[in-house]
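Encoded as structure tokens, the structure appears first; notes follow it.
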Amino acid sequence: MVYETGEIRRTDILAGLDAERRSLGVPSASGDVVVERSTDGLECRIVFASLPPEETNNLIRRELDAAVSGGYSLEWKYYGHDTPIDLPERLVAARFEAEDEEEVLVLPLDKASLAAFGDGGEHEIRIVREERDLVDYAEVSREIGRHNVEEERRALALKLKENSDEMSIHIAYVDGEPVACGRVYFRPGGPYAELAGGRTKTTHRRRGLFTALVASRLQEARDRGRTHAFVDALPTSAPILRKQGFQFVTRTQPFVFEQQR
């Protein structure tokens, strides 16, 4: 990896990000699209796409037809450097719902000072990899008003059961109560870690728990030999992460087609 004037070289990071995305699922025959499917078959996500404009609409229709016939929901994870450039407009025209745009941020772990993330005060952070501990994760999610909490819990339980080394869940406790949580993913053989799912109960915000959980996941990533950490950050968390050294590389936005059940 090349660094210039203290900044990451964006083209190198984007190439690494694309390699990670390509590894997440199964490529199409042409290799222009990579699809990731949930273990229960109820969800499908397009995690990588690099398409000629003249073929894009046909592919979108084909994926929608497959979702309808297969009875699963479909998410198209668009990144700012994907092609064609008007892919978001095409997805909306095809009845996908646009969700919140996020910033893709990256932190080189060899240059990260975890002390900069500070201390969340009197708390305990546990790394959990057992299904029984997901009750605490769901409690945090439910308190902040997340939808489909039980569906997410079941999906995470399947992930832990089948590929426990590829995901860790960190939960912060105060006086024995689960008050904040976050996930970290590790692709086998890859150099990166991906942070996701950072959440804090409304009763315990502004106490440093978000940054403490970021630090604990970064420490695990460093301990496991990862070189960089990625995160798709909403506007609420991006400024916090930027202050701690994360750097912007691109934007991402989910477009979702939900089945009528």
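By order in the structure tokens, chains are A, B, ...; within a chain, residues start at 1; ligands start at 1, following the order shown.
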
Could you write out, as a PyMOL selection string, all the residues of region 72-151 of chain A that DSSP marks as strand (DSSP E)? chain A and resi 73-79+97-98+102-108+124-128

Pull the closest atom pair for each residue of region 99-166 of chain A that gets at most 9 Å from region 218-242 of chain A, along with the distance in Å to one decimal, counting only C-alpha atoms, ordering rows by chain and then ascending residue number, as CSV.
```
residue,atom,partner,partner_atom,distance
A:Asp100,CA,A:Leu234,CA,7.6
A:Glu101,CA,A:Leu234,CA,7.0
A:Glu102,CA,A:Leu234,CA,4.8
A:Glu103,CA,A:Ala233,CA,5.1
A:Val104,CA,A:Asp232,CA,4.6
A:Leu105,CA,A:Val231,CA,5.4
A:Val106,CA,A:Phe230,CA,4.5
A:Leu107,CA,A:Ala229,CA,5.3
A:Pro108,CA,A:His228,CA,4.5
A:Leu109,CA,A:His228,CA,5.2
A:Asp110,CA,A:Thr227,CA,6.6
A:Ala112,CA,A:Leu218,CA,8.9
A:Leu114,CA,A:Gln219,CA,7.5
```

Those selected residues, please, written with N, CA and C atoms and delivered as a PDB file, in the first residue's frame.
```
ATOM      1  N   ASP A 100     -30.583   5.307   2.937  1.00  0.00           N
ATOM      2  CA  ASP A 100     -29.670   6.407   3.259  1.00  0.00           C
ATOM      3  C   ASP A 100     -28.290   6.197   2.641  1.00  0.00           C
ATOM      4  N   GLU A 101     -27.736   7.272   2.115  1.00  0.00           N
ATOM      5  CA  GLU A 101     -26.377   7.228   1.581  1.00  0.00           C
ATOM      6  C   GLU A 101     -25.376   7.213   2.732  1.00  0.00           C
ATOM      7  N   GLU A 102     -24.292   6.492   2.541  1.00  0.00           N
ATOM      8  CA  GLU A 102     -23.248   6.386   3.558  1.00  0.00           C
ATOM      9  C   GLU A 102     -21.887   6.719   2.958  1.00  0.00           C
ATOM     10  N   GLU A 103     -20.949   7.070   3.819  1.00  0.00           N
ATOM     11  CA  GLU A 103     -19.566   7.266   3.410  1.00  0.00           C
ATOM     12  C   GLU A 103     -18.781   5.992   3.692  1.00  0.00           C
ATOM     13  N   VAL A 104     -17.977   5.561   2.727  1.00  0.00           N
ATOM     14  CA  VAL A 104     -17.062   4.448   2.960  1.00  0.00           C
ATOM     15  C   VAL A 104     -15.759   5.045   3.477  1.00  0.00           C
ATOM     16  N   LEU A 105     -15.420   4.698   4.720  1.00  0.00           N
ATOM     17  CA  LEU A 105     -14.229   5.224   5.369  1.00  0.00           C
ATOM     18  C   LEU A 105     -13.248   4.085   5.616  1.00  0.00           C
ATOM     19  N   VAL A 106     -11.963   4.405   5.618  1.00  0.00           N
ATOM     20  CA  VAL A 106     -10.933   3.388   5.827  1.00  0.00           C
ATOM     21  C   VAL A 106      -9.888   3.910   6.797  1.00  0.00           C
ATOM     22  N   LEU A 107      -9.341   2.994   7.575  1.00  0.00           N
ATOM     23  CA  LEU A 107      -8.273   3.326   8.523  1.00  0.00           C
ATOM     24  C   LEU A 107      -7.151   2.307   8.387  1.00  0.00           C
ATOM     25  N   PRO A 108      -5.922   2.736   8.027  1.00  0.00           N
ATOM     26  CA  PRO A 108      -4.776   1.811   8.033  1.00  0.00           C
ATOM     27  C   PRO A 108      -4.416   1.458   9.476  1.00  0.00           C
ATOM     28  N   LEU A 109      -4.466   0.190   9.805  1.00  0.00           N
ATOM     29  CA  LEU A 109      -4.300  -0.206  11.201  1.00  0.00           C
ATOM     30  C   LEU A 109      -2.876  -0.052  11.706  1.00  0.00           C
ATOM     31  N   ASP A 110      -1.907  -0.065  10.789  1.00  0.00           N
ATOM     32  CA  ASP A 110      -0.537   0.110  11.262  1.00  0.00           C
ATOM     33  C   ASP A 110      -0.260   1.555  11.657  1.00  0.00           C
ATOM     34  N   ALA A 112      -2.823   3.453  13.072  1.00  0.00           N
ATOM     35  CA  ALA A 112      -3.889   3.847  13.989  1.00  0.00           C
ATOM     36  C   ALA A 112      -3.383   3.850  15.425  1.00  0.00           C
ATOM     37  N   LEU A 114      -4.953   3.487  18.841  1.00  0.00           N
ATOM     38  CA  LEU A 114      -6.218   3.137  19.473  1.00  0.00           C
ATOM     39  C   LEU A 114      -6.474   3.961  20.728  1.00  0.00           C
TER      40      LEU A 114
END
```

Would you pick out the contacts of region 140-150 of chain A at 10 Å or less, using only C-alpha atoms, so that residues sharing its chain but fewer than 3 positions from it are not included, and give the list as an mmCIF file with C-alpha atoms, in the first residue's frame?
```
data_model
loop_
_atom_site.group_PDB
_atom_site.id
_atom_site.type_symbol
_atom_site.label_atom_id
_atom_site.label_comp_id
_atom_site.auth_asym_id
_atom_site.auth_seq_id
_atom_site.Cartn_x
_atom_site.Cartn_y
_atom_site.Cartn_z
ATOM 1 C CA LEU A 134 -27.528 -12.459 20.682
ATOM 2 C CA VAL A 135 -30.397 -11.822 23.088
ATOM 3 C CA ASP A 136 -28.309 -8.945 24.457
ATOM 4 C CA TYR A 137 -27.525 -7.686 20.957
ATOM 5 C CA ARG A 153 -30.954 -12.086 15.279
ATOM 6 C CA ARG A 154 -31.760 -15.320 13.456
ATOM 7 C CA ALA A 155 -29.548 -14.354 10.502
ATOM 8 C CA LEU A 156 -26.636 -13.535 12.808
ATOM 9 C CA ILE A 171 -21.216 -5.842 23.302
ATOM 10 C CA ALA A 172 -20.647 -3.164 25.933
ATOM 11 C CA GLU A 177 -26.849 -4.287 31.269
ATOM 12 C CA PRO A 178 -26.125 -4.532 27.513
ATOM 13 C CA VAL A 179 -26.032 -0.907 26.334
ATOM 14 C CA ALA A 180 -24.098 -0.820 23.048
ATOM 15 C CA CYS A 181 -22.917 -3.222 20.373
ATOM 16 C CA GLY A 197 -23.845 -2.441 13.212
ATOM 17 C CA GLY A 198 -22.597 0.111 15.747
ATOM 18 C CA ARG A 199 -25.519 0.897 18.086
ATOM 19 C CA THR A 200 -25.972 2.481 21.525
ATOM 20 C CA LYS A 201 -29.091 2.615 23.659
ATOM 21 C CA THR A 202 -30.617 6.081 23.828
ATOM 22 C CA THR A 203 -30.144 6.032 27.613
#
```

Name all residues at most 8 Å from region 36-53 of chain A (count only C-alpha atoms; drop same-chain ones fewer than 5 positions away) and give them as a PyMOL selection string. chain A and resi 18+21-22+24-26+71-78+82-84+155+158-159

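Of the residues listed (A:Thr252, A:Leu213, A:Ala138, A:Gln259), A:Thr252 shows the shortest atom-to-atom separation from Ala98 (chain A); distances use only C-alpha atoms.
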
Assign secondary structure with DSSP using the backbone only, and return the residues of region 18-145 of chain A in helix (DSSP H, G or I) as a VMD selection string. chain A and resid 18 to 23 53 to 70 87 to 93 109 to 111 114 to 117 131 to 143

Would you put the residues from that selection into a file with N, CA and C atoms, as a short mmCIF file (atom, residue, chain, number, x, y, z; two decimals), in the first residue's frame?
```
data_model
loop_
_atom_site.label_atom_id
_atom_site.label_comp_id
_atom_site.auth_asym_id
_atom_site.auth_seq_id
_atom_site.Cartn_x
_atom_site.Cartn_y
_atom_site.Cartn_z
N ASP A 18 -12.82 -3.29 -3.97
CA ASP A 18 -13.48 -4.08 -5.01
C ASP A 18 -13.11 -5.55 -4.90
N ALA A 19 -11.85 -5.84 -4.56
CA ALA A 19 -11.44 -7.23 -4.39
C ALA A 19 -12.20 -7.87 -3.24
N GLU A 20 -12.41 -7.12 -2.16
CA GLU A 20 -13.20 -7.63 -1.04
C GLU A 20 -14.64 -7.89 -1.47
N ARG A 21 -15.22 -6.96 -2.20
CA ARG A 21 -16.60 -7.11 -2.64
C ARG A 21 -16.75 -8.33 -3.55
N ARG A 22 -15.80 -8.52 -4.46
CA ARG A 22 -15.86 -9.66 -5.37
C ARG A 22 -15.80 -10.98 -4.61
N SER A 23 -15.14 -10.98 -3.47
CA SER A 23 -14.95 -12.22 -2.71
C SER A 23 -16.17 -12.60 -1.87
N PRO A 53 -23.33 0.27 -19.99
CA PRO A 53 -24.67 0.88 -19.93
C PRO A 53 -25.72 0.13 -20.74
N GLU A 54 -25.33 -0.41 -21.89
CA GLU A 54 -26.32 -1.04 -22.75
C GLU A 54 -26.84 -2.36 -22.20
N GLU A 55 -26.16 -2.94 -21.21
CA GLU A 55 -26.60 -4.21 -20.64
C GLU A 55 -27.26 -4.07 -19.27
N THR A 56 -27.19 -2.87 -18.70
CA THR A 56 -27.61 -2.69 -17.32
C THR A 56 -29.10 -2.94 -17.10
N ASN A 57 -29.95 -2.35 -17.92
CA ASN A 57 -31.39 -2.50 -17.71
C ASN A 57 -31.84 -3.95 -17.83
N ASN A 58 -31.26 -4.68 -18.77
CA ASN A 58 -31.61 -6.10 -18.91
C ASN A 58 -31.22 -6.88 -17.66
N LEU A 59 -30.03 -6.56 -17.10
CA LEU A 59 -29.58 -7.26 -15.91
C LEU A 59 -30.49 -6.94 -14.72
N ILE A 60 -30.86 -5.66 -14.58
CA ILE A 60 -31.74 -5.29 -13.49
C ILE A 60 -33.06 -6.06 -13.58
N ARG A 61 -33.63 -6.12 -14.77
CA ARG A 61 -34.90 -6.86 -14.95
C ARG A 61 -34.72 -8.34 -14.64
N ARG A 62 -33.58 -8.91 -15.05
CA ARG A 62 -33.34 -10.32 -14.80
C ARG A 62 -33.24 -10.60 -13.29
N GLU A 63 -32.55 -9.74 -12.57
CA GLU A 63 -32.40 -9.93 -11.12
C GLU A 63 -33.74 -9.74 -10.41
N LEU A 64 -34.54 -8.78 -10.85
CA LEU A 64 -35.86 -8.58 -10.25
C LEU A 64 -36.78 -9.77 -10.52
N ASP A 65 -36.77 -10.28 -11.73
CA ASP A 65 -37.59 -11.44 -12.06
C ASP A 65 -37.19 -12.64 -11.21
N ALA A 66 -35.90 -12.82 -10.99
CA ALA A 66 -35.42 -13.93 -10.17
C ALA A 66 -35.86 -13.76 -8.72
N ALA A 67 -35.83 -12.52 -8.22
CA ALA A 67 -36.26 -12.27 -6.85
C ALA A 67 -37.74 -12.56 -6.67
N VAL A 68 -38.54 -12.12 -7.63
CA VAL A 68 -39.98 -12.36 -7.55
C VAL A 68 -40.29 -13.85 -7.60
N SER A 69 -39.69 -14.55 -8.55
CA SER A 69 -39.95 -15.98 -8.67
C SER A 69 -39.37 -16.77 -7.50
N GLY A 70 -38.25 -16.30 -6.96
CA GLY A 70 -37.63 -17.00 -5.85
C GLY A 70 -38.18 -16.61 -4.49
N LEU A 87 -26.52 4.39 -12.56
CA LEU A 87 -27.13 3.18 -12.00
C LEU A 87 -28.17 3.49 -10.92
N PRO A 88 -27.94 4.44 -10.02
CA PRO A 88 -28.99 4.73 -9.02
C PRO A 88 -30.32 5.12 -9.64
N GLU A 89 -30.28 5.97 -10.66
CA GLU A 89 -31.53 6.38 -11.32
C GLU A 89 -32.22 5.18 -11.99
N ARG A 90 -31.45 4.30 -12.56
CA ARG A 90 -32.03 3.11 -13.20
C ARG A 90 -32.67 2.19 -12.16
N LEU A 91 -32.04 2.06 -11.01
CA LEU A 91 -32.59 1.19 -9.96
C LEU A 91 -33.91 1.75 -9.43
N VAL A 92 -33.96 3.04 -9.19
CA VAL A 92 -35.20 3.66 -8.71
C VAL A 92 -36.31 3.50 -9.75
N ALA A 93 -35.96 3.68 -11.01
CA ALA A 93 -36.96 3.52 -12.08
C ALA A 93 -37.48 2.09 -12.13
N LEU A 109 -4.47 0.19 9.81
CA LEU A 109 -4.30 -0.21 11.20
C LEU A 109 -2.88 -0.05 11.71
N ASP A 110 -1.91 -0.07 10.79
CA ASP A 110 -0.54 0.11 11.26
C ASP A 110 -0.26 1.56 11.66
N LYS A 111 -1.13 2.48 11.24
CA LYS A 111 -0.96 3.88 11.58
C LYS A 111 -1.98 4.36 12.61
N LEU A 114 -4.95 3.49 18.84
CA LEU A 114 -6.22 3.14 19.47
C LEU A 114 -6.47 3.96 20.73
N ALA A 115 -5.40 4.51 21.30
CA ALA A 115 -5.59 5.38 22.47
C ALA A 115 -6.38 6.63 22.10
N ALA A 116 -6.33 7.02 20.81
CA ALA A 116 -7.05 8.22 20.37
C ALA A 116 -8.55 8.05 20.48
N PHE A 117 -9.02 6.81 20.58
CA PHE A 117 -10.45 6.58 20.66
C PHE A 117 -11.00 6.79 22.06
N GLU A 131 -24.78 -18.07 20.04
CA GLU A 131 -26.14 -17.65 19.73
C GLU A 131 -26.86 -17.10 20.96
N ARG A 132 -26.61 -17.68 22.11
CA ARG A 132 -27.34 -17.25 23.31
C ARG A 132 -27.06 -15.79 23.66
N ASP A 133 -25.89 -15.29 23.27
CA ASP A 133 -25.54 -13.90 23.58
C ASP A 133 -26.24 -12.90 22.68
N LEU A 134 -26.85 -13.37 21.60
CA LEU A 134 -27.53 -12.46 20.68
C LEU A 134 -28.80 -11.86 21.28
N VAL A 135 -29.27 -12.43 22.38
CA VAL A 135 -30.40 -11.82 23.09
C VAL A 135 -30.02 -10.42 23.55
N ASP A 136 -28.78 -10.26 24.01
CA ASP A 136 -28.31 -8.94 24.46
C ASP A 136 -28.15 -7.99 23.28
N TYR A 137 -27.66 -8.50 22.17
CA TYR A 137 -27.53 -7.69 20.96
C TYR A 137 -28.91 -7.20 20.51
N ALA A 138 -29.88 -8.10 20.52
CA ALA A 138 -31.24 -7.75 20.12
C ALA A 138 -31.86 -6.74 21.08
N GLU A 139 -31.51 -6.81 22.35
CA GLU A 139 -32.06 -5.85 23.32
C GLU A 139 -31.64 -4.43 22.98
N VAL A 140 -30.38 -4.25 22.61
CA VAL A 140 -29.89 -2.93 22.22
C VAL A 140 -30.63 -2.46 20.96
N SER A 141 -30.73 -3.35 19.98
CA SER A 141 -31.37 -3.00 18.71
C SER A 141 -32.84 -2.62 18.92
N ARG A 142 -33.51 -3.36 19.78
CA ARG A 142 -34.93 -3.11 20.02
C ARG A 142 -35.14 -1.76 20.73
N GLU A 143 -34.25 -1.42 21.65
CA GLU A 143 -34.41 -0.18 22.41
C GLU A 143 -34.27 1.05 21.53
#
```

Atomic separation - CA of Ser168 (chain A) relative to CA of Glu130 (chain A), Å: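 Between CA of Glu130 (chain A) and CA of Ser168 (chain A) the gap is 9.6 Å.
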
With only C-alpha atoms as the basis for distance, which of A:Ile169, A:Ala94, A:Val33, A:Val256 is at the shortest distance from Val214 (chain A)?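 The closest residue to Val214 (chain A) is A:Ile169.
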